[in-house]
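Have a look at work.pdb; it's PDB, N, CA and C atoms:
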MODEL        1
ATOM      1  N   MET A   1     110.092  96.560 143.280
ATOM      2  CA  MET A   1     111.114  96.582 142.252
ATOM      3  C   MET A   1     111.637  95.168 142.072
ATOM      4  N   LYS A   2     111.620  94.675 140.842
ATOM      5  CA  LYS A   2     112.152  93.351 140.538
ATOM      6  C   LYS A   2     113.527  93.527 139.920
ATOM      7  N   VAL A   3     114.509  92.888 140.515
ATOM      8  CA  VAL A   3     115.886  92.996 140.034
ATOM      9  C   VAL A   3     116.428  91.594 139.849
ATOM     10  N   SER A   4     117.083  91.354 138.738
ATOM     11  CA  SER A   4     117.703  90.056 138.491
ATOM     12  C   SER A   4     119.201  90.249 138.423
ATOM     13  N   HIS A   5     119.918  89.446 139.155
ATOM     14  CA  HIS A   5     121.373  89.557 139.176
ATOM     15  C   HIS A   5     121.981  88.192 138.912
ATOM     16  N   GLU A   6     122.565  88.040 137.746
ATOM     17  CA  GLU A   6     123.219  86.786 137.395
ATOM     18  C   GLU A   6     124.485  86.621 138.225
ATOM     19  N   GLY A   7     124.800  85.401 138.604
ATOM     20  CA  GLY A   7     126.052  85.121 139.284
ATOM     21  C   GLY A   7     126.051  85.304 140.789
ATOM     22  N   ILE A   8     124.949  85.724 141.375
ATOM     23  CA  ILE A   8     124.897  85.954 142.820
ATOM     24  C   ILE A   8     125.008  84.628 143.581
ATOM     25  N   ALA A   9     124.540  83.539 142.996
ATOM     26  CA  ALA A   9     124.485  82.256 143.700
ATOM     27  C   ALA A   9     125.841  81.838 144.257
ATOM     28  N   LYS A  10     126.911  82.187 143.609
ATOM     29  CA  LYS A  10     128.241  81.796 144.093
ATOM     30  C   LYS A  10     128.581  82.482 145.417
ATOM     31  N   ASP A  11     127.899  83.558 145.750
ATOM     32  CA  ASP A  11     128.168  84.318 146.974
ATOM     33  C   ASP A  11     127.200  83.993 148.107
ATOM     34  N   CYS A  12     126.333  83.006 147.907
ATOM     35  CA  CYS A  12     125.296  82.697 148.880
ATOM     36  C   CYS A  12     125.162  81.182 148.987
ATOM     37  N   HIS A  13     125.283  80.652 150.216
ATOM     38  CA  HIS A  13     125.210  79.210 150.433
ATOM     39  C   HIS A  13     124.124  78.891 151.456
ATOM     40  N   VAL A  14     123.268  77.931 151.124
ATOM     41  CA  VAL A  14     122.234  77.486 152.064
ATOM     42  C   VAL A  14     122.908  76.665 153.158
ATOM     43  N   VAL A  15     122.678  77.030 154.419
ATOM     44  CA  VAL A  15     123.273  76.300 155.539
ATOM     45  C   VAL A  15     122.222  75.580 156.390
ATOM     46  N   GLU A  16     120.952  75.966 156.267
ATOM     47  CA  GLU A  16     119.853  75.285 156.941
ATOM     48  C   GLU A  16     118.619  75.376 156.059
ATOM     49  N   SER A  17     117.839  74.308 156.047
ATOM     50  CA  SER A  17     116.584  74.305 155.312
ATOM     51  C   SER A  17     115.673  73.275 155.971
ATOM     52  N   TYR A  18     114.513  73.726 156.457
ATOM     53  CA  TYR A  18     113.614  72.803 157.145
ATOM     54  C   TYR A  18     112.197  73.367 157.170
ATOM     55  N   ILE A  19     111.265  72.499 157.501
ATOM     56  CA  ILE A  19     109.880  72.898 157.703
ATOM     57  C   ILE A  19     109.698  73.163 159.194
ATOM     58  N   ALA A  20     109.192  74.339 159.535
ATOM     59  CA  ALA A  20     109.020  74.715 160.949
ATOM     60  C   ALA A  20     108.120  73.702 161.650
ATOM     61  N   PRO A  21     108.619  73.064 162.708
ATOM     62  CA  PRO A  21     107.832  72.044 163.403
ATOM     63  C   PRO A  21     106.753  72.618 164.320
ATOM     64  N   GLN A  22     106.832  73.923 164.581
ATOM     65  CA  GLN A  22     105.875  74.590 165.472
ATOM     66  C   GLN A  22     105.899  76.081 165.184
ATOM     67  N   GLU A  23     104.944  76.812 165.722
ATOM     68  CA  GLU A  23     104.957  78.270 165.645
ATOM     69  C   GLU A  23     106.213  78.756 166.363
ATOM     70  N   MET A  24     106.894  79.737 165.816
ATOM     71  CA  MET A  24     108.085  80.259 166.483
ATOM     72  C   MET A  24     108.345  81.683 166.036
ATOM     73  N   ASN A  25     109.253  82.330 166.730
ATOM     74  CA  ASN A  25     109.634  83.695 166.414
ATOM     75  C   ASN A  25     111.153  83.713 166.240
ATOM     76  N   VAL A  26     111.590  84.189 165.089
ATOM     77  CA  VAL A  26     113.019  84.240 164.785
ATOM     78  C   VAL A  26     113.384  85.693 164.477
ATOM     79  N   PHE A  27     114.191  86.294 165.338
ATOM     80  CA  PHE A  27     114.611  87.698 165.171
ATOM     81  C   PHE A  27     113.426  88.624 164.931
ATOM     82  N   GLY A  28     112.345  88.412 165.673
ATOM     83  CA  GLY A  28     111.170  89.275 165.565
ATOM     84  C   GLY A  28     110.217  88.901 164.449
ATOM     85  N   GLN A  29     110.528  87.881 163.681
ATOM     86  CA  GLN A  29     109.680  87.436 162.571
ATOM     87  C   GLN A  29     108.871  86.221 163.030
ATOM     88  N   ASN A  30     107.544  86.320 163.006
ATOM     89  CA  ASN A  30     106.704  85.189 163.378
ATOM     90  C   ASN A  30     106.701  84.162 162.253
ATOM     91  N   ILE A  31     106.987  82.921 162.602
ATOM     92  CA  ILE A  31     107.045  81.823 161.643
ATOM     93  C   ILE A  31     105.918  80.855 161.981
ATOM     94  N   ARG A  32     105.088  80.514 160.983
ATOM     95  CA  ARG A  32     103.984  79.580 161.207
ATOM     96  C   ARG A  32     104.458  78.136 161.137
ATOM     97  N   LYS A  33     103.835  77.288 161.897
ATOM     98  CA  LYS A  33     104.097  75.859 161.817
ATOM     99  C   LYS A  33     103.855  75.414 160.378
ATOM    100  N   GLY A  34     104.796  74.656 159.829
ATOM    101  CA  GLY A  34     104.674  74.161 158.461
ATOM    102  C   GLY A  34     105.314  75.053 157.415
ATOM    103  N   ALA A  35     105.789  76.246 157.805
ATOM    104  CA  ALA A  35     106.443  77.145 156.844
ATOM    105  C   ALA A  35     107.846  76.628 156.520
ATOM    106  N   TRP A  36     108.299  76.892 155.310
ATOM    107  CA  TRP A  36     109.662  76.533 154.931
ATOM    108  C   TRP A  36     110.597  77.599 155.498
ATOM    109  N   VAL A  37     111.615  77.178 156.230
ATOM    110  CA  VAL A  37     112.604  78.077 156.810
ATOM    111  C   VAL A  37     113.950  77.770 156.158
ATOM    112  N   MET A  38     114.612  78.796 155.683
ATOM    113  CA  MET A  38     115.913  78.611 155.072
ATOM    114  C   MET A  38     116.871  79.664 155.604
ATOM    115  N   VAL A  39     118.093  79.253 155.914
ATOM    116  CA  VAL A  39     119.139  80.156 156.382
ATOM    117  C   VAL A  39     120.262  80.111 155.364
ATOM    118  N   ALA A  40     120.736  81.270 154.956
ATOM    119  CA  ALA A  40     121.815  81.344 153.974
ATOM    120  C   ALA A  40     123.003  82.103 154.548
ATOM    121  N   LYS A  41     124.183  81.682 154.192
ATOM    122  CA  LYS A  41     125.430  82.375 154.560
ATOM    123  C   LYS A  41     125.855  83.207 153.361
ATOM    124  N   ILE A  42     126.019  84.491 153.571
ATOM    125  CA  ILE A  42     126.460  85.398 152.513
ATOM    126  C   ILE A  42     127.976  85.488 152.585
ATOM    127  N   MET A  43     128.648  85.082 151.515
ATOM    128  CA  MET A  43     130.105  84.984 151.503
ATOM    129  C   MET A  43     130.793  86.273 151.049
ATOM    130  N   SER A  44     130.082  87.139 150.400
ATOM    131  CA  SER A  44     130.657  88.361 149.838
ATOM    132  C   SER A  44     130.347  89.568 150.724
ATOM    133  N   ASP A  45     131.371  90.294 151.122
ATOM    134  CA  ASP A  45     131.164  91.520 151.904
ATOM    135  C   ASP A  45     130.356  92.542 151.110
ATOM    136  N   GLU A  46     130.591  92.611 149.801
ATOM    137  CA  GLU A  46     129.864  93.559 148.946
ATOM    138  C   GLU A  46     128.368  93.213 148.916
ATOM    139  N   LEU A  47     128.048  91.934 148.729
ATOM    140  CA  LEU A  47     126.648  91.515 148.720
ATOM    141  C   LEU A  47     126.007  91.750 150.081
ATOM    142  N   TRP A  48     126.717  91.447 151.160
ATOM    143  CA  TRP A  48     126.189  91.660 152.507
ATOM    144  C   TRP A  48     125.874  93.147 152.731
ATOM    145  N   ALA A  49     126.742  94.025 152.254
ATOM    146  CA  ALA A  49     126.500  95.471 152.378
ATOM    147  C   ALA A  49     125.237  95.867 151.603
ATOM    148  N   GLN A  50     125.017  95.269 150.437
ATOM    149  CA  GLN A  50     123.809  95.564 149.647
ATOM    150  C   GLN A  50     122.550  95.069 150.374
ATOM    151  N   ILE A  51     122.652  93.951 151.043
ATOM    152  CA  ILE A  51     121.515  93.434 151.813
ATOM    153  C   ILE A  51     121.230  94.363 152.990
ATOM    154  N   LYS A  52     122.274  94.744 153.727
ATOM    155  CA  LYS A  52     122.094  95.620 154.882
ATOM    156  C   LYS A  52     121.553  96.994 154.494
ATOM    157  N   SER A  53     121.908  97.482 153.304
ATOM    158  CA  SER A  53     121.446  98.800 152.868
ATOM    159  C   SER A  53     120.003  98.776 152.367
ATOM    160  N   GLY A  54     119.466  97.578 152.137
ATOM    161  CA  GLY A  54     118.100  97.472 151.633
ATOM    162  C   GLY A  54     118.014  97.347 150.128
ATOM    163  N   GLU A  55     119.160  97.350 149.435
ATOM    164  CA  GLU A  55     119.137  97.177 147.981
ATOM    165  C   GLU A  55     118.586  95.794 147.627
ATOM    166  N   PHE A  56     118.981  94.784 148.398
ATOM    167  CA  PHE A  56     118.416  93.442 148.270
ATOM    168  C   PHE A  56     117.564  93.188 149.501
ATOM    169  N   THR A  57     116.316  92.773 149.292
ATOM    170  CA  THR A  57     115.425  92.522 150.421
ATOM    171  C   THR A  57     114.948  91.075 150.478
ATOM    172  N   GLY A  58     115.360  90.258 149.547
ATOM    173  CA  GLY A  58     114.956  88.862 149.527
ATOM    174  C   GLY A  58     115.475  88.202 148.274
ATOM    175  N   PHE A  59     115.245  86.909 148.178
ATOM    176  CA  PHE A  59     115.633  86.227 146.962
ATOM    177  C   PHE A  59     114.717  85.048 146.723
ATOM    178  N   SER A  60     114.770  84.559 145.520
ATOM    179  CA  SER A  60     113.915  83.464 145.109
ATOM    180  C   SER A  60     114.797  82.289 144.729
ATOM    181  N   MET A  61     114.428  81.118 145.222
ATOM    182  CA  MET A  61     115.205  79.920 144.922
ATOM    183  C   MET A  61     114.869  79.420 143.528
ATOM    184  N   GLY A  62     115.853  78.902 142.872
ATOM    185  CA  GLY A  62     115.667  78.241 141.588
ATOM    186  C   GLY A  62     116.441  76.948 141.630
ATOM    187  N   GLY A  63     116.114  76.041 140.792
ATOM    188  CA  GLY A  63     116.835  74.792 140.795
ATOM    189  C   GLY A  63     116.584  73.983 139.541
ATOM    190  N   GLN A  64     117.334  72.918 139.403
ATOM    191  CA  GLN A  64     117.197  72.006 138.276
ATOM    192  C   GLN A  64     117.253  70.588 138.824
ATOM    193  N   ALA A  65     116.652  69.685 138.111
ATOM    194  CA  ALA A  65     116.690  68.280 138.526
ATOM    195  C   ALA A  65     116.842  67.398 137.291
ATOM    196  N   ARG A  66     117.417  66.242 137.506
ATOM    197  CA  ARG A  66     117.514  65.243 136.449
ATOM    198  C   ARG A  66     116.753  64.007 136.898
ATOM    199  N   THR A  67     116.067  63.399 135.977
ATOM    200  CA  THR A  67     115.394  62.158 136.315
ATOM    201  C   THR A  67     116.279  60.990 135.929
ATOM    202  N   GLY A  68     116.104  59.914 136.615
ATOM    203  CA  GLY A  68     116.902  58.727 136.325
ATOM    204  C   GLY A  68     116.263  57.507 136.939
ATOM    205  N   GLU A  69     116.826  56.401 136.630
ATOM    206  CA  GLU A  69     116.313  55.139 137.169
ATOM    207  C   GLU A  69     116.861  54.884 138.551
TER     208      GLU A  69
ENDMDL
END

If you took the structure in this file and wrote it as structure tokens, what would it be?
Amino acid sequence: MKVSHEGIAKDCHVVESYIAPQEMNVFGQNIRKGAWVMVAKIMSDELWAQIKSGEFTGFSMGGQARTGE
């Protein structure tokens, strides 16, 4: 199921982002060396409840950039 929810970004903040330096296991999830690892803090109790219930199972990053000299 694909669901789009506008405005969720204000309730979610990236607190860690790195490339895994080695094979590792995080909370039972095997992470391969070289994989992108990101940790987010969920600020909304309502959103956190939706994640825990399984309504939200993941998210996709989006971004914008400006070029300059």

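For Ile42 in chain A, the residues within 7 Å (counting only N, CA and C atoms, excluding itself and residues fewer than 4 positions away along the chain) are Asp11, Cys12, His13, Leu47 and Trp48 of chain A.
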
Given the file above and the PyMOL selection byres ((chain A and resi 18) around 7), which residues are selected, and can you give them as a PDB file with N, CA and C atoms, keeping the file's coordinate frame?
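As a result, result-v6.pdb now contains:
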ATOM      1  N   GLU A  16     120.952  75.966 156.267  1.00  0.00           N
ATOM      2  CA  GLU A  16     119.853  75.285 156.941  1.00  0.00           C
ATOM      3  C   GLU A  16     118.619  75.376 156.059  1.00  0.00           C
ATOM      4  N   SER A  17     117.839  74.308 156.047  1.00  0.00           N
ATOM      5  CA  SER A  17     116.584  74.305 155.312  1.00  0.00           C
ATOM      6  C   SER A  17     115.673  73.275 155.971  1.00  0.00           C
ATOM      7  N   ILE A  19     111.265  72.499 157.501  1.00  0.00           N
ATOM      8  CA  ILE A  19     109.880  72.898 157.703  1.00  0.00           C
ATOM      9  C   ILE A  19     109.698  73.163 159.194  1.00  0.00           C
ATOM     10  N   ALA A  20     109.192  74.339 159.535  1.00  0.00           N
ATOM     11  CA  ALA A  20     109.020  74.715 160.949  1.00  0.00           C
ATOM     12  C   ALA A  20     108.120  73.702 161.650  1.00  0.00           C
ATOM     13  N   PRO A  21     108.619  73.064 162.708  1.00  0.00           N
ATOM     14  CA  PRO A  21     107.832  72.044 163.403  1.00  0.00           C
ATOM     15  C   PRO A  21     106.753  72.618 164.320  1.00  0.00           C
ATOM     16  N   ALA A  35     105.789  76.246 157.805  1.00  0.00           N
ATOM     17  CA  ALA A  35     106.443  77.145 156.844  1.00  0.00           C
ATOM     18  C   ALA A  35     107.846  76.628 156.520  1.00  0.00           C
ATOM     19  N   TRP A  36     108.299  76.892 155.310  1.00  0.00           N
ATOM     20  CA  TRP A  36     109.662  76.533 154.931  1.00  0.00           C
ATOM     21  C   TRP A  36     110.597  77.599 155.498  1.00  0.00           C
ATOM     22  N   VAL A  37     111.615  77.178 156.230  1.00  0.00           N
ATOM     23  CA  VAL A  37     112.604  78.077 156.810  1.00  0.00           C
ATOM     24  C   VAL A  37     113.950  77.770 156.158  1.00  0.00           C
ATOM     25  N   MET A  38     114.612  78.796 155.683  1.00  0.00           N
ATOM     26  CA  MET A  38     115.913  78.611 155.072  1.00  0.00           C
ATOM     27  C   MET A  38     116.871  79.664 155.604  1.00  0.00           C
ATOM     28  N   VAL A  39     118.093  79.253 155.914  1.00  0.00           N
ATOM     29  CA  VAL A  39     119.139  80.156 156.382  1.00  0.00           C
ATOM     30  C   VAL A  39     120.262  80.111 155.364  1.00  0.00           C
TER      31      VAL A  39
END

- request: Calculate how many Å separate atom N of Glu23 in chain A from atom N of Thr57 in chain A, rounding to one decimal.
  value: 25.6 Å

query: Among chain A, which residues carry a DSSP assignment of alpha helix (DSSP H), reported as a ChimeraX atom specification?
result: /A:45-53

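The interatomic distance for the pair CA of Phe56 in chain A and CA of Val26 in chain A works out to 19.7 Å.
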
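Taking only N, CA and C atoms into account, Lys41 in chain A lies nearest to A:Val15 out of the set A:Phe27, A:Gly68, A:Glu55, A:Val15.
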
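As for atom N of Glu46 in chain A and atom N of Gly58 in chain A, they are spaced 15.4 Å apart.
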
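Residue nearest Lys10 in chain A within the list A:Ser60, A:Ser44, A:Ala49, A:Gly54: A:Ser44 [criterion: smallest interatomic distance, all atoms listed in the file].
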
With the input short on atoms, add N, CA, C and O atoms back to range 33-59 of chain A and write it as a PDB file, in the coordinates of the input.
ATOM      1  N   LYS A  33     103.835  77.288 161.897  1.00  0.00           N
ATOM      2  CA  LYS A  33     104.097  75.859 161.817  1.00  0.00           C
ATOM      3  C   LYS A  33     103.855  75.414 160.378  1.00  0.00           C
ATOM      4  O   LYS A  33     102.860  75.792 159.757  1.00  0.00           O
ATOM      5  N   GLY A  34     104.796  74.656 159.829  1.00  0.00           N
ATOM      6  CA  GLY A  34     104.674  74.161 158.461  1.00  0.00           C
ATOM      7  C   GLY A  34     105.314  75.053 157.415  1.00  0.00           C
ATOM      8  O   GLY A  34     105.394  74.676 156.239  1.00  0.00           O
ATOM      9  N   ALA A  35     105.789  76.246 157.805  1.00  0.00           N
ATOM     10  CA  ALA A  35     106.443  77.145 156.844  1.00  0.00           C
ATOM     11  C   ALA A  35     107.846  76.628 156.520  1.00  0.00           C
ATOM     12  O   ALA A  35     108.502  75.998 157.344  1.00  0.00           O
ATOM     13  N   TRP A  36     108.299  76.892 155.310  1.00  0.00           N
ATOM     14  CA  TRP A  36     109.662  76.533 154.931  1.00  0.00           C
ATOM     15  C   TRP A  36     110.597  77.599 155.498  1.00  0.00           C
ATOM     16  O   TRP A  36     110.404  78.798 155.283  1.00  0.00           O
ATOM     17  N   VAL A  37     111.615  77.178 156.230  1.00  0.00           N
ATOM     18  CA  VAL A  37     112.604  78.077 156.810  1.00  0.00           C
ATOM     19  C   VAL A  37     113.950  77.770 156.158  1.00  0.00           C
ATOM     20  O   VAL A  37     114.349  76.612 156.080  1.00  0.00           O
ATOM     21  N   MET A  38     114.612  78.796 155.683  1.00  0.00           N
ATOM     22  CA  MET A  38     115.913  78.611 155.072  1.00  0.00           C
ATOM     23  C   MET A  38     116.871  79.664 155.604  1.00  0.00           C
ATOM     24  O   MET A  38     116.503  80.825 155.758  1.00  0.00           O
ATOM     25  N   VAL A  39     118.093  79.253 155.914  1.00  0.00           N
ATOM     26  CA  VAL A  39     119.139  80.156 156.382  1.00  0.00           C
ATOM     27  C   VAL A  39     120.262  80.111 155.364  1.00  0.00           C
ATOM     28  O   VAL A  39     120.677  79.031 154.940  1.00  0.00           O
ATOM     29  N   ALA A  40     120.736  81.270 154.956  1.00  0.00           N
ATOM     30  CA  ALA A  40     121.815  81.344 153.974  1.00  0.00           C
ATOM     31  C   ALA A  40     123.003  82.103 154.548  1.00  0.00           C
ATOM     32  O   ALA A  40     122.832  83.054 155.313  1.00  0.00           O
ATOM     33  N   LYS A  41     124.183  81.682 154.192  1.00  0.00           N
ATOM     34  CA  LYS A  41     125.430  82.375 154.560  1.00  0.00           C
ATOM     35  C   LYS A  41     125.855  83.207 153.361  1.00  0.00           C
ATOM     36  O   LYS A  41     126.022  82.689 152.256  1.00  0.00           O
ATOM     37  N   ILE A  42     126.019  84.491 153.571  1.00  0.00           N
ATOM     38  CA  ILE A  42     126.460  85.398 152.513  1.00  0.00           C
ATOM     39  C   ILE A  42     127.976  85.488 152.585  1.00  0.00           C
ATOM     40  O   ILE A  42     128.531  85.911 153.600  1.00  0.00           O
ATOM     41  N   MET A  43     128.648  85.082 151.515  1.00  0.00           N
ATOM     42  CA  MET A  43     130.105  84.984 151.503  1.00  0.00           C
ATOM     43  C   MET A  43     130.793  86.273 151.049  1.00  0.00           C
ATOM     44  O   MET A  43     131.962  86.472 151.309  1.00  0.00           O
ATOM     45  N   SER A  44     130.082  87.139 150.400  1.00  0.00           N
ATOM     46  CA  SER A  44     130.657  88.361 149.838  1.00  0.00           C
ATOM     47  C   SER A  44     130.347  89.568 150.724  1.00  0.00           C
ATOM     48  O   SER A  44     129.180  89.838 151.027  1.00  0.00           O
ATOM     49  N   ASP A  45     131.371  90.294 151.122  1.00  0.00           N
ATOM     50  CA  ASP A  45     131.164  91.520 151.904  1.00  0.00           C
ATOM     51  C   ASP A  45     130.356  92.542 151.110  1.00  0.00           C
ATOM     52  O   ASP A  45     129.523  93.252 151.667  1.00  0.00           O
ATOM     53  N   GLU A  46     130.591  92.611 149.801  1.00  0.00           N
ATOM     54  CA  GLU A  46     129.864  93.559 148.946  1.00  0.00           C
ATOM     55  C   GLU A  46     128.368  93.213 148.916  1.00  0.00           C
ATOM     56  O   GLU A  46     127.516  94.084 149.080  1.00  0.00           O
ATOM     57  N   LEU A  47     128.048  91.934 148.729  1.00  0.00           N
ATOM     58  CA  LEU A  47     126.648  91.515 148.720  1.00  0.00           C
ATOM     59  C   LEU A  47     126.007  91.750 150.081  1.00  0.00           C
ATOM     60  O   LEU A  47     124.882  92.229 150.174  1.00  0.00           O
ATOM     61  N   TRP A  48     126.717  91.447 151.160  1.00  0.00           N
ATOM     62  CA  TRP A  48     126.189  91.660 152.507  1.00  0.00           C
ATOM     63  C   TRP A  48     125.874  93.147 152.731  1.00  0.00           C
ATOM     64  O   TRP A  48     124.845  93.498 153.315  1.00  0.00           O
ATOM     65  N   ALA A  49     126.742  94.025 152.254  1.00  0.00           N
ATOM     66  CA  ALA A  49     126.500  95.471 152.378  1.00  0.00           C
ATOM     67  C   ALA A  49     125.237  95.867 151.603  1.00  0.00           C
ATOM     68  O   ALA A  49     124.453  96.697 152.076  1.00  0.00           O
ATOM     69  N   GLN A  50     125.017  95.269 150.437  1.00  0.00           N
ATOM     70  CA  GLN A  50     123.809  95.564 149.647  1.00  0.00           C
ATOM     71  C   GLN A  50     122.550  95.069 150.374  1.00  0.00           C
ATOM     72  O   GLN A  50     121.510  95.727 150.318  1.00  0.00           O
ATOM     73  N   ILE A  51     122.652  93.951 151.043  1.00  0.00           N
ATOM     74  CA  ILE A  51     121.515  93.434 151.813  1.00  0.00           C
ATOM     75  C   ILE A  51     121.230  94.363 152.990  1.00  0.00           C
ATOM     76  O   ILE A  51     120.087  94.759 153.223  1.00  0.00           O
ATOM     77  N   LYS A  52     122.274  94.744 153.727  1.00  0.00           N
ATOM     78  CA  LYS A  52     122.094  95.620 154.882  1.00  0.00           C
ATOM     79  C   LYS A  52     121.553  96.994 154.494  1.00  0.00           C
ATOM     80  O   LYS A  52     120.802  97.603 155.248  1.00  0.00           O
ATOM     81  N   SER A  53     121.908  97.482 153.304  1.00  0.00           N
ATOM     82  CA  SER A  53     121.446  98.800 152.868  1.00  0.00           C
ATOM     83  C   SER A  53     120.003  98.776 152.367  1.00  0.00           C
ATOM     84  O   SER A  53     119.401  99.827 152.173  1.00  0.00           O
ATOM     85  N   GLY A  54     119.466  97.578 152.137  1.00  0.00           N
ATOM     86  CA  GLY A  54     118.100  97.472 151.633  1.00  0.00           C
ATOM     87  C   GLY A  54     118.014  97.347 150.128  1.00  0.00           C
ATOM     88  O   GLY A  54     116.923  97.245 149.578  1.00  0.00           O
ATOM     89  N   GLU A  55     119.160  97.350 149.435  1.00  0.00           N
ATOM     90  CA  GLU A  55     119.137  97.177 147.981  1.00  0.00           C
ATOM     91  C   GLU A  55     118.586  95.794 147.627  1.00  0.00           C
ATOM     92  O   GLU A  55     117.825  95.642 146.689  1.00  0.00           O
ATOM     93  N   PHE A  56     118.981  94.784 148.398  1.00  0.00           N
ATOM     94  CA  PHE A  56     118.416  93.442 148.270  1.00  0.00           C
ATOM     95  C   PHE A  56     117.564  93.188 149.501  1.00  0.00           C
ATOM     96  O   PHE A  56     118.027  93.359 150.632  1.00  0.00           O
ATOM     97  N   THR A  57     116.316  92.773 149.292  1.00  0.00           N
ATOM     98  CA  THR A  57     115.425  92.522 150.421  1.00  0.00           C
ATOM     99  C   THR A  57     114.948  91.075 150.478  1.00  0.00           C
ATOM    100  O   THR A  57     114.197  90.711 151.364  1.00  0.00           O
ATOM    101  N   GLY A  58     115.360  90.258 149.547  1.00  0.00           N
ATOM    102  CA  GLY A  58     114.956  88.862 149.527  1.00  0.00           C
ATOM    103  C   GLY A  58     115.475  88.202 148.274  1.00  0.00           C
ATOM    104  O   GLY A  58     116.086  88.847 147.424  1.00  0.00           O
ATOM    105  N   PHE A  59     115.245  86.909 148.178  1.00  0.00           N
ATOM    106  CA  PHE A  59     115.633  86.227 146.962  1.00  0.00           C
ATOM    107  C   PHE A  59     114.717  85.048 146.723  1.00  0.00           C
ATOM    108  O   PHE A  59     113.972  84.622 147.597  1.00  0.00           O
TER     109      PHE A  59
END
